[in-house]
Structure formats: C-alpha cells, structure tokens
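**Q** Below is the structure I would like to discuss, written out as structure tokens.
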Amino acid sequence: MEIPSKYEPNRVEANWYDYWMKHDFFSSKPDEREPYTIVIPPPNVTGVLHMGHMLNNTIQDVLIRRARLLGKNACWVPGMDHASIATEAKVVAKLKEEGIHKADLTRDEFLKHAWDWTNEYGGVILQQLKKLGCSCDWDRTKFTMDDDMSASVIKVFVDLYNKGLIYRGYRMVNWDPEAKTTLSDEEVIYEERQGNLYYLAYAIEGSDEKVTIATTRPETILGDTAICINPNDERYRHLKGKKAIVPICNRVIPIIEDEYVDVEFGTGCLKVTPAHDENDKNLGEKHNLEVIDIFNEDASLNSFGMHYEGKDRFVVRKEISKELEEKGYLVKTEQHTNKVGTSERTKAVIEPRLSDQWFLKMEKLAKPALDGVLKTRDVKLYPQKFENTYRHWMENIRDWNISRQLWWGQQIPAYYFGDGQDDFVVAETKEEALQLVKSKNPNIQESDLRQDADVLDTWFSSWLWPISVFGGILEPENEEVNYYYPTSDLVTGPDILFFWVARMIIAGYEYRDEKPFENVYLTGLVRDKQRRKMSKSLGNSPDALKLIEDFGADGVRVGLLLSSAAGNDLLFDEALCQQGANFANKVWNAFRLVNGWEVADLPQPEAAKTGIEWYTTKFNQTLAEIEDHFSKYRISDALMATYKLVWDDFCSWLLEIVKPAYQQPIDRATYDAVIHLFEENLKLLHPFMPFLTEEVWQHTAERTPEEALMVSNWPKAQKVDTKLIADFDFAAEVISGIRTIRKEKNIPQKETLELSVLNSEGAGTGMDAIIIKLANISQIQTVDSGLDGALSFRVKSNEYFIPISGAIDVEAEIEKINEELKYTRGFLQSVQKKLGNERFVNNAPEQVVAIERKKAADAEAKIETLEKSLASLGNS
C-alpha cells in the first residue's frame with residue numbers, strides 16, 4: 001500500500017467511515033457480552049450541527065469507541081426530537097412565504113405540510129454527525145414522532161391519567177404569544193430588564209380623594225377588578241369598604257383588604273388584575289373578584305382594550321402611558337429593573353394567562369428520582385456539583401403543564417362527547433374511547449366524539465427516550481429493553497438537567513422501577529475567547545463543517561476536548577483545532593519515519609533495548625492514569641495524558657533512542673517492538689482520533705476487516721517499574737543539560753563530547769547507553785573531583801563536566817560566567833535582605849516566606865556551580 005507523504009484528512013475520513021459502515025462495525029444486537037449503551041440527546045429535527053453538538057457528540061463517540069475496544073457490546077442510539085414549538089414555527093413561516101396561513105388549513109392539511117418539511121429538511125444534523133466520525137448504530141435511528149414512539153407516549157398518558165396523576169385544570173399558565181401556546185415553568189427563562197415603574201392616580205368613588213398605585217404594566221389597568229390594601233396599614237384604613245374608579249375605562253371596582261399586600265413596596269396599594277398575574281388570580285379567587293382578560297392569544301388587546309383593540313401590548317404600553325399623562329392620571333415615572341419571563345424557544349416575553357390545560361402531578365413521581373441520585377446514588381452526576389441544583393429543583397417541583405396549543409406533536413388522547421366539564425374520556429384510540437363513552441351514554445356514536453385539539457409537550461415524549469427507543473413501553477419485557485436498559489452513560493448539557501435528565505430519571509423509576517442510566521456527564525457551554533456563549537445572533541459561532549474541512553475531523557475533536565473539563569465552559573479558539581491537526585501530522589510523520597527504516601537481522605543495541613523497556617513501563621503507567629481519568633469522566637485529562645505519551649515519550653524520546661544511524665538498517669527485534677508499541681498507542685488514541693489511527697493501523701500491516709483497529713482490543717495494564725521510569729527521568733535531565741550547553745556554546749550535535757560525573761548517583765549505568773546516543777557522548781566516566789577547563793551542570797546531587805578543549809572561547813566564557821555570577825549574587829543579596837526583615841518574616845504568609853527561602857537556596861547553589869565553572873576554566 002502506497003504511503004502518502006502527507007496526511008490528508010479529507011480523503012482518509014470519507015474512506016474509513018464508508019469502510020466501517022460497510023462492515024457493520026457500528027451495529028449492535030443483544031448477545032452474551034456486557035452491553036454498553038448511550039442514547040443520543042436527540043437534536044431538534046430542525047437542527048444543524050453547531051459547536052455544542054460537536055463537543056457533546058465527540059465525547060459520546062470517545063466513550064462508545066473505547067467501550068468497543070474494551071470488548072463490550074457498544075450501542076449508540078441516534079435520533080431526533082420533533083421539537084413541536086420550533087418546528088411548527090418554521091413550517092408556519094414557510095407557508096406564510098407561500099401565501100398560505102395556518103388558520104386557513106385543516107389540521108390534517110397542516111400536518112401534511114409539516115411532514116413534507118420534516119422529510120425534506122429533517123435529519124440533516126444526523127448526516128453531519130457522520131462527518132465528525134460519530135459511530136452511531138444508524139439502523140436504530142428513532143424519531144419522537146415515529147408510530148411506535150407516539151404510541152408509547154399515548155400509552156403513558158392514558159396510564160398516568162388512570163392512576164390519577166394527570167388532570168385537567170383551569171390555571172394561570174405561561175403563555176408564549178409568538179408560538180401561541182402554553183409553556184411549562186422550565187421553558188421560561190427569566191432575564192433582568194430595565195423598565196419603568198408607573199405611579200397612577202385612581203379616584204375614590206364619591207369623593208375628591210385619589211389613591212396612588214405603582215405598576216410596571218400600565219396597559220393591564222384595563223383588566224383591573226379591585227384595589228387591595230393591607231388591613232394593618234394606617235394610611236388606608238379609611239378606605240375600607242369604599243370603591244375606586246379605574247382610569248380611562250372608568251370601571252368602578254371594590255377596595256379589598258388582604259395582608260398579602262407589602263406595605264413597604266411602592267405605595268402600599270395594589271391593583272388587582274386576576275386574569276394577568278398569578279398572585280392577583282389567587283387574590284381574585286379568595287375575594288370572589290371578576291376576571292377580565294384583555295389580551296388576544298398573540299398578546300394584542302381584545303375588545304376590553306377599548307380603543308387600543310388590535311394593538312400589540314408593548315405599543316399600548318407606550319401609548320396608554322402617554323394618555324394617562326395627558327389626562328392627569330400619571331403621577332410620576334421611575335426607572336425600575338425587574339425579572340421578565342421569556343420563552344426558551346421563541347424568546348418572546350411570556351404572558352400569564354388563565355387557561356384550561358392538562359397537568360401531571362409531579363411530587364409523588366419525583367420522590368424515587370430524587371432518592372436515586374442523592375440517597376442510593378444509583379445515578380451519578382459528573383461533576384458532582386450539579387447534585388445541589390438537581391436537589392433544589394426536585395424538592396421544589398411543581399405540577400408539569402403538559403399540553404400545548406399546537407398541531408405538530410402527539411395529540412392528547414382525550415375525547416369529548418358533551419358540553420359538561422367532565423364529559424370526556426381518555427383512551428389510546430378512538431374505538432376504545434367510544435366503548436368507554438357508551439358505558440356512560442349508549443346513544444353516543446363515534447362521529448359524536450371530538451378529540452382534544454392540543455398536543456403534548458415535546459419533553460413528554462423525550463422523557464421516555466431511554467425506554468421507548470428499545471420498545472420498552474409497548475412491550476415492557478422485550479429482549480432489547482431487558483438487555484440494553486438501563487443504559488450506561490448520558491452526555492448532555494446542564495441547561496437541560498430539568499427539562500430532560502430529571503424527567504427521564506422520573507420516567508425510568510415509574511416505568512421500569514429502575515434508573516435509566518448509570519452516569520450523567522454534564523458538559524460545559526462552548527464560549528468564544530471573550531467568554532461569550534456562541535450563538536448565531538452574535539455571529540461568533542464558527543461553521544462546524546468548515547472547521548472539519550479545514551482541520552480534519554480528528555483535529556477538531558482534539559481541539560474541542562483539550563480544553564473541555566467536565567461541567568466547565570470551553571473557551572473555543574480555532575488555534576486549538578490547529579493544535580489537533582498538528583498532532584495528527586506528528587503521528588503521521590512518526591509512522592512514515594518508522595515505516596521508512598530498512599530492517600536487518602542485527603544484534604539489538606543496548607540503548608534500544610533499554611529504551612523499549614522504559615517506554616513499555618511508561619506506557620503502562622500512563623494507561624493506568626488514562627483509566628483513572630475515564631472512570632472519573634475527565635475526558636480532557638485522558639486525552640492530554642495520551643497526547644503527552646505519544647508526542648513526548650514516544651515521538652520525542654523513544655523514536656530518537658531507537659533510530660538507526662543515517663542510511664543504516666535497524667535490527668529486527670527493535671523494529672518489531674516499536675511497531676507493537678506504535679499499535680498500542682493507536683489503540684489509546686483511537687477513541688479521540690478514529691480516522692487517523694485507523695489509517696495508520698491499516699498501513700502497518702495487511703488487515704482483514706475483523707482485524708480493523710476499531711474492533712481490536714484495548715491494551716491490558718501491566719506491572720509498572722517505577723525505578724526504571726525514575727532512572728530514565730534522571731537520564732533525560734542529564735541529556736537536557738548537555739543539550740543546553742551545546743545550544744549556549746554553539747557546539748554542533750555531530751561533534752562528539754566527553755562526559756564526566758562527580759558523586760555518581762541516580763541513573764546508574766543502565767541509562768548510560770541512552771545518554772551516550774542521544775547526547776552524542778564518546779564515553780561517560782566517573783571522577784573524584786571537578787575537572788579543570790570543563791563546563792559543568794548539576795542534576796540533583798550529581799555534577800557533570802564536559803571538557804571544552806578548544807570548543808569554546810575561554811575568555812568570552814569567563815566573562816559571561818562572571819556577569820551571571822554578579823547578577824546572581826545581587827539577586828541573593830536582595831532576597832536575604834527581605835528575609836532579614838523581621839517584620840516581613842513575621843507578618844507574611846508562611847507560603848510566601850517559604851518561596852523566598854527557596855529562592856535564596858537556589859541562588860546559593862547556582863553561585864557555587866558558577867564559581868566551580870570559573871575555577872575549572874582557570875579563573876579563580
């Protein structure tokens with residue numbers, strides 16, 4: 001097989017991905033092996049690959065590829081979420097461009113357009129993930145609107161309803177006026193925004209008195225149905241039982257008393273608008289107040305808005321404040337910062353709205369899921385700091401609003417047959433619903449049944465994901481779910497810890513009486529160099545596919561992971577991808593170097609034998625570190641340990657130790673050992689850099705598909721000889737000292753030097769052959785005293801001497817050492833002066849004093865070495 005001179009990721013990646021797919025290396029079926037399962041956090045069907053997906057899916061692929069190498073039956077289930085709000089918005093926008101309005105379509109007509117759109121644009125992101133090297137079992141791809149997935153959702157709804165956990169209630173909900181649907185509490189993002197506090201004067205009926213009330217939303221006065229005062233507030237006691245007149249609309253409203261009113265906030269008087277505030281609604285119910293809803297579903301004003309009817313709420317806010325001012329109702333305006341709820345999907349400002357909705361009781365369901373994470377620790381969160389966040393949410397959980405006023409999604413299986421509040425049944429099919437209805441009213445026909453128009457919250461389908469992808473809802477005892485469930489690891493972002501992770505844990509305990517996964521690895525957010533979250537609106541998010549094109553998939557994967565500690569945000573810089581690409585080239589060039597050696601039946605040199613023994617034990621030491629990092633989900637640290645092993649220990653040290661002389665062959669024993677160690681390195685690297693490693697692996701020998709790297713075996717840990725590693729580290733310092741002298745004195749590497757050592761301890765003779773080869777030393781001899789006319793350096797307690805014999809300008813060297821000696825003595829004097837100051841020593845932190853003392857000791861040792869060097873040069 002011809003070896004290209006340069007690593008070409010674009011050619012290599014397509015080739016090997018096709019090869020892996022052709023041989024079904026990604027597929028998984030239940031067998032006798034230990035399963036290792038990951039279910040992908042299903043991206044929106046509308047989605048395209050962005051940096052967050054790149055990071056998340058790279059980590060998943062690292063884990064799944066390593067599991068395969070460990071001999072486990074690795075199953076990575078891909079799929080997509082129908083994303084009801086986001087997808088419906090896109091379909092509505094597309095239809096609008098074509099001059100079609102949703103309101104003019106029947107439900108079935110709209111859904112046909114939605115499916116056409118999904119079939120044309122959906123799943124793009126899954127194809128893009130292949131470019132990244134993701135080894136998903138693509139035959140298992142699921143979509144939350146697949147027939148079996150939808151059937152699972154409906155079955156669960158009916159079951160929970162029959163258990164008394166789902167109910168229909170008239171509640172104050174979060175209304176998204178852009179998507180025209182209700183949202184759960186978790187889908188509302190609160191943002192601090194600068195606004196105004198408007199002080200308005202309300203006239204007291206039958207008198208000239210006025211009472212001032214502060215509000216941030218003057219447009220809602222048109223829905224006021226009372227004014228509330230605190231019964232303990234002396235200022236307003238005289239108003240008890242009286243009535244006030246609402247500005248502009250002139251509605252007469254009662255003045256009520258309730259201790260709910262905070263006498264310290266605003267003016268101590270509260271306007272009550274039961275239709276547009278949760279707390280006002282509670283007051284309204286308590287005091288039997290009228291409820292006046294002034295908004296349409298798009299947050300424009302309705303007929304109760306009088307002459308503002310049809311105008312947007314924010315337009316009205318400006319116009320009504322102007323009218324209030326002109327008519328003398330506006331007393332004053334102050335700047336005011338408050339938290340505003342916005343839609344997680346559309347970013348629209350949420351309106352509180354009274355509405356009939358479906359809710360799921362959460363308190364009882366949440367208990368096993370809370371205990372599973374915090375008591376029994378069946379589910380472990382990485383990093384552990386997120387347990388506190390999880391605890392807070394689960395202990396304060398509220399009923400889940402699961403209905404959405406949309407058409408795209410699973411339609412709620414409730415069937416109405418009359419006008420009464422309870423004239424409905426819940427069933428999986430219309431036929432079953434009819435049978436239930438006939439038991440109540442035998443005269444009802446199927447045509448009389450009307451299915452609830454709402455759909456279920458998208459998360460109500462995805463909370464079943466680890467069970468439903470294996471058919472475990474429809475067939476609880478099927479082979480697949482019994483084998484693959486619970487899954488092994490979940491990789492996701494902390495921003496959906498509540499939306500998805502907690503709810504999956506809840507569903508797992510409810511429907512399998514078991515956790516859905518063992519470990520949850522929570523990644524950080526990908527941010528730019530200025531710490532800003534990457535987003536399209538800021539224009540700071542690079543094109544993910546362009547990065548792969550420029551740096552190769554392996555380069556991008558390494559670049560992302562090098563700075564991605566669990567739970568911590570990643571500050572992304574394209575230079576990291578360049579670093580990854582450079583690493584790929586380093587490995588490729590190392591392979592080309594080894595592959596280019598001529599092999600002969602020769603005796604094995606001592607340096608090569610020792611070097612291979614050292615690298616083998618160094619490899620096993622690093623393997624143990626890597627295993628430890630993986631066990632703690634420190635994926636970035638596992639990569640860094642692998643990176644240093646390959647770049648520093650293998651390429652920079654071992655290959656230099658074993659490299660034959662120019663145009664000379666290498667002995668067979670050394671060559672075979674180097675190839676074996678190279679292949680072991682490739683196994684460690686494969687989860688991080690799958691394409692490069694498979695390419696090199698396939699070049700090192702002729703391989704059958706069964707011998708592909710992707711399906712080979714992870715290295716097994718062997719005993720580590722720590723003394724051998726310590727000896728080599730000592731020798732490396734000696735070599736570094738010699739190289740430093742060569743560099744400083746401009747002594748060429750090809751010029752052979754002699755080396756003498758005083759007080760010979762440390763590396764011993766076992767490493768002499770390596771020192772001799774790498775430092776180009778003719779011999780190493782032990783001496784009893786320092787050598788005259790020699791340069792010296794120190795490694796621990798050993799002092800090394802290199803005779804100069806005309807290699808350098810002695811006078812210039814003496815002058816240079818004298819200058820360095822003068823500087824070091826001056827530095828020592830300044831440190832000693834600081835240490836001689838009792839005030840400093842007594843008041844400074846102990847660590848700071850210790851650092852100064854070490855500086856002094858190091859300076860003294862350096863002065864001693866410099867003085868000896870001067871003496872050896874004949875200058876005392």
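Within each chain, counting starts at residue 1; across the structure tokens, chains are named A, B, ... in the order shown, with ligands numbered 1 upward in that order.
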Please list as an MDAnalysis selection string every residue within 10 Å of stretch 106-120 of chain A, counting only C-alpha atoms and excluding residues in the same chain fewer than 5 positions away.
**A** chainID A and resid 45:46 82 87:88 90:92 94:95 101 145 406:409 453
**Q** What's the 10 Å shell around A:Glu32, counting only C-alpha atoms, without same-chain residues fewer than 4 positions away, as a ChimeraX atom specification?
**A** /A:72-73,483
**Q** From the set A:Arg391, A:Leu692, A:Gln335, A:Tyr36, which residue has the shortest atom-to-atom contact distance to A:Glu518, counting only C-alpha atoms?
**A**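 Of A:Arg391, A:Leu692, A:Gln335, A:Tyr36, the one nearest A:Glu518, counting only C-alpha atoms, is A:Tyr36.
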**Q** Closest to A:Val211 among A:Gly164, A:Gly268, A:Gly826, A:Pro41, using only C-alpha atoms?
**A**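 Closest to A:Val211, using only C-alpha atoms: A:Gly268.
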**Q** Tell me, as a PDB file with C-alpha atoms, in the first residue's frame, which residues lie within 8 Å of stretch 362-378 of chain A, counting only C-alpha atoms; anything in the same chain fewer than 3 positions away does not count.
**A**
ATOM      1  CA  LEU A 165     -51.729  11.654  38.127  1.00  0.00           C
ATOM      2  CA  LEU A 381     -23.827  13.190  38.117  1.00  0.00           C
ATOM      3  CA  GLU A 387     -26.363  17.474  42.611  1.00  0.00           C
ATOM      4  CA  ARG A 391     -31.881  18.622  44.645  1.00  0.00           C
ATOM      5  CA  MET A 394     -36.692  18.210  42.622  1.00  0.00           C
ATOM      6  CA  GLU A 395     -37.535  19.300  46.155  1.00  0.00           C
ATOM      7  CA  ILE A 397     -41.032  20.599  41.855  1.00  0.00           C
ATOM      8  CA  ARG A 398     -44.388  21.851  40.583  1.00  0.00           C
ATOM      9  CA  ASP A 399     -47.026  20.091  38.532  1.00  0.00           C
ATOM     10  CA  TRP A 400     -45.989  19.853  34.887  1.00  0.00           C
ATOM     11  CA  ALA A 502     -34.540  14.666  35.712  1.00  0.00           C
ATOM     12  CA  ILE A 505     -34.969   9.551  35.731  1.00  0.00           C
ATOM     13  CA  ILE A 506     -38.569  10.030  36.913  1.00  0.00           C
ATOM     14  CA  TYR A 509     -38.354   4.629  38.060  1.00  0.00           C
ATOM     15  CA  GLU A 510     -42.067   4.843  37.179  1.00  0.00           C
ATOM     16  CA  LYS A 515     -32.690   4.148  36.789  1.00  0.00           C
ATOM     17  CA  GLU A 518     -25.766   4.944  35.481  1.00  0.00           C
TER      18      GLU A 518
END
**Q** Compare A:Asp81, A:Arg313, A:Glu234, A:Pro177 by their minimum atom-to-atom distance to A:Thr346, counting only C-alpha atoms, and give me the closest one.
**A**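 Counting only C-alpha atoms, the residue closest to A:Thr346 is A:Pro177.
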**Q** Where in stretch 379-519 of chain A does DSSP assign strand (DSSP E or B), given as JSON, numbers by chain?
**A** {"A": [380, 381, 382, 400, 401, 403, 404, 411, 414, 415, 416, 424, 425, 426, 450, 451, 455, 456, 487, 488, 489, 490, 491, 492, 517, 518, 519]}
**Q** Per DSSP on the backbone, what are the helix (DSSP H, G or I) residues of stretch 640-784 of chain A, as a PyMOL selection string?
**A** chain A and resi 640-658+668-685+690-700+705-707+709-711+722-745+765-775
**Q** What's the 12 Å shell around A:Thr337, counting only C-alpha atoms, without same-chain residues fewer than 4 positions away, as a list in words?
**A**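 Contacts, in chain order: Glu191, Glu192, Arg193, Gln194, Gly195, Asn196, Leu197 and Thr216 of chain A.
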**Q** Include N, CA, C and O atoms and write out the residues we just selected as a tab-separated table (two decimals), in the first residue's frame.
**A**
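Okay, result-v3.tsv is ready:
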chain	number	residue	atom	x	y	z
A	191	GLU	N	-35.05	37.00	32.70
A	191	GLU	CA	-33.97	37.93	32.38
A	191	GLU	C	-34.22	39.25	33.11
A	191	GLU	O	-35.36	39.69	33.22
A	192	GLU	N	-33.13	39.83	33.60
A	192	GLU	CA	-33.27	41.16	34.21
A	192	GLU	C	-33.35	42.20	33.10
A	192	GLU	O	-32.50	42.24	32.22
A	193	ARG	N	-34.40	43.03	33.16
A	193	ARG	CA	-34.57	44.06	32.13
A	193	ARG	C	-34.89	45.40	32.79
A	193	ARG	O	-35.53	45.46	33.83
A	194	GLN	N	-34.42	46.43	32.14
A	194	GLN	CA	-34.67	47.79	32.62
A	194	GLN	C	-36.03	48.25	32.09
A	194	GLN	O	-36.30	48.19	30.90
A	195	GLY	N	-36.90	48.68	33.02
A	195	GLY	CA	-38.20	49.19	32.61
A	195	GLY	C	-38.59	50.39	33.44
A	195	GLY	O	-37.71	51.07	34.00
A	196	ASN	N	-39.87	50.64	33.55
A	196	ASN	CA	-40.35	51.79	34.33
A	196	ASN	C	-41.37	51.33	35.37
A	196	ASN	O	-42.06	50.33	35.19
A	197	LEU	N	-41.43	52.10	36.44
A	197	LEU	CA	-42.49	51.94	37.44
A	197	LEU	C	-43.39	53.16	37.29
A	197	LEU	O	-42.94	54.30	37.46
A	216	THR	N	-45.76	48.21	36.84
A	216	THR	CA	-44.79	48.15	35.73
A	216	THR	C	-45.50	47.95	34.40
A	216	THR	O	-44.89	48.07	33.35
**Q** Report the distance between atom CA of A:Gly284 and atom CA of A:Ile213 in Å, rounded to one decimal place.
**A**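 That distance, rounded to one decimal, is 17.8 Å.
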**Q** At what distance in Å, to one decimal, does atom CA of A:Leu654 lie from atom CA of A:Ser736?
**A**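 Value for the atom CA of A:Ser736-atom CA of A:Leu654 distance: 15.1 Å.
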**Q** Mind giving me the straight-line distance from atom CA of A:Phe691 to atom CA of A:Trp76 in Å, one decimal?
**A**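 Interatomic distance here is 18.4 Å.
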**Q** Quick one: residues within 10 Å of A:His629, only C-alpha atoms counted, chain neighbours fewer than 5 positions away excluded, as a VMD selection string?
**A** chain A and resid 623 to 624 634 to 639 641
**Q** Please produce a file of those selected residues containing C-alpha atoms, as an mmCIF file, in the first residue's frame.
**A**
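Dumped everything to part.cif:
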data_model
loop_
_atom_site.group_PDB
_atom_site.id
_atom_site.type_symbol
_atom_site.label_atom_id
_atom_site.label_comp_id
_atom_site.auth_asym_id
_atom_site.auth_seq_id
_atom_site.Cartn_x
_atom_site.Cartn_y
_atom_site.Cartn_z
ATOM 1 C CA LEU A 623 -2.545 3.632 30.753
ATOM 2 C CA ALA A 624 -3.383 3.466 34.479
ATOM 3 C CA ARG A 634 -12.182 13.537 32.980
ATOM 4 C CA ILE A 635 -12.155 13.050 29.224
ATOM 5 C CA SER A 636 -9.958 16.081 28.579
ATOM 6 C CA ASP A 637 -7.368 14.798 31.059
ATOM 7 C CA ALA A 638 -7.451 11.340 29.454
ATOM 8 C CA LEU A 639 -6.718 12.931 26.076
ATOM 9 C CA ALA A 641 -2.239 12.082 29.091
#
**Q** Could you pull the residues within 10 Å of A:Lys130, counting only C-alpha atoms, minus those fewer than 2 positions along the same chain, as a PDB file with C-alpha atoms, in the first residue's frame?
**A**
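Output saved as out_22.pdb:
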ATOM      1  CA  GLU A  13     -12.135  10.287   6.610  1.00  0.00           C
ATOM      2  CA  ALA A  14     -14.635   9.500   3.861  1.00  0.00           C
ATOM      3  CA  TYR A  17     -16.265   5.924   7.504  1.00  0.00           C
ATOM      4  CA  ASP A  18     -17.580   4.074   4.446  1.00  0.00           C
ATOM      5  CA  ILE A 125     -27.790  17.063  11.595  1.00  0.00           C
ATOM      6  CA  LEU A 126     -27.542  13.258  11.789  1.00  0.00           C
ATOM      7  CA  GLN A 127     -25.844  13.171   8.399  1.00  0.00           C
ATOM      8  CA  GLN A 128     -23.499  15.916   9.564  1.00  0.00           C
ATOM      9  CA  LEU A 132     -17.423  14.142  12.813  1.00  0.00           C
ATOM     10  CA  GLY A 133     -16.861  10.378  12.939  1.00  0.00           C
ATOM     11  CA  CYS A 134     -19.805   9.525  15.190  1.00  0.00           C
ATOM     12  CA  SER A 135     -20.180   5.748  15.307  1.00  0.00           C
ATOM     13  CA  CYS A 136     -23.922   5.538  15.969  1.00  0.00           C
ATOM     14  CA  TRP A 138     -27.740   4.231  12.328  1.00  0.00           C
ATOM     15  CA  ALA A 553     -12.452  15.764  11.991  1.00  0.00           C
TER      16      ALA A 553
END
**Q** Extract, using only C-alpha atoms, all DNA, RNA and protein residues at most 12 Å from A:Ala214, discarding same-chain residues fewer than 3 positions from it, and format them as a list of chain:residue names.
**A** A:Asn196, A:Leu197, A:Tyr198, A:Tyr199, A:Leu200, A:Ala201, A:Tyr202, A:Val211, A:Arg217, A:Pro218, A:Ile221, A:Ile227, A:Phe265, A:Gly266, A:Thr267, A:Gly268, A:Cys269, A:Leu270, A:Lys271, A:Val272, A:Tyr329, A:Leu330, A:Val331, A:Lys332, A:Thr333, A:Glu334, A:Gln335, A:His336
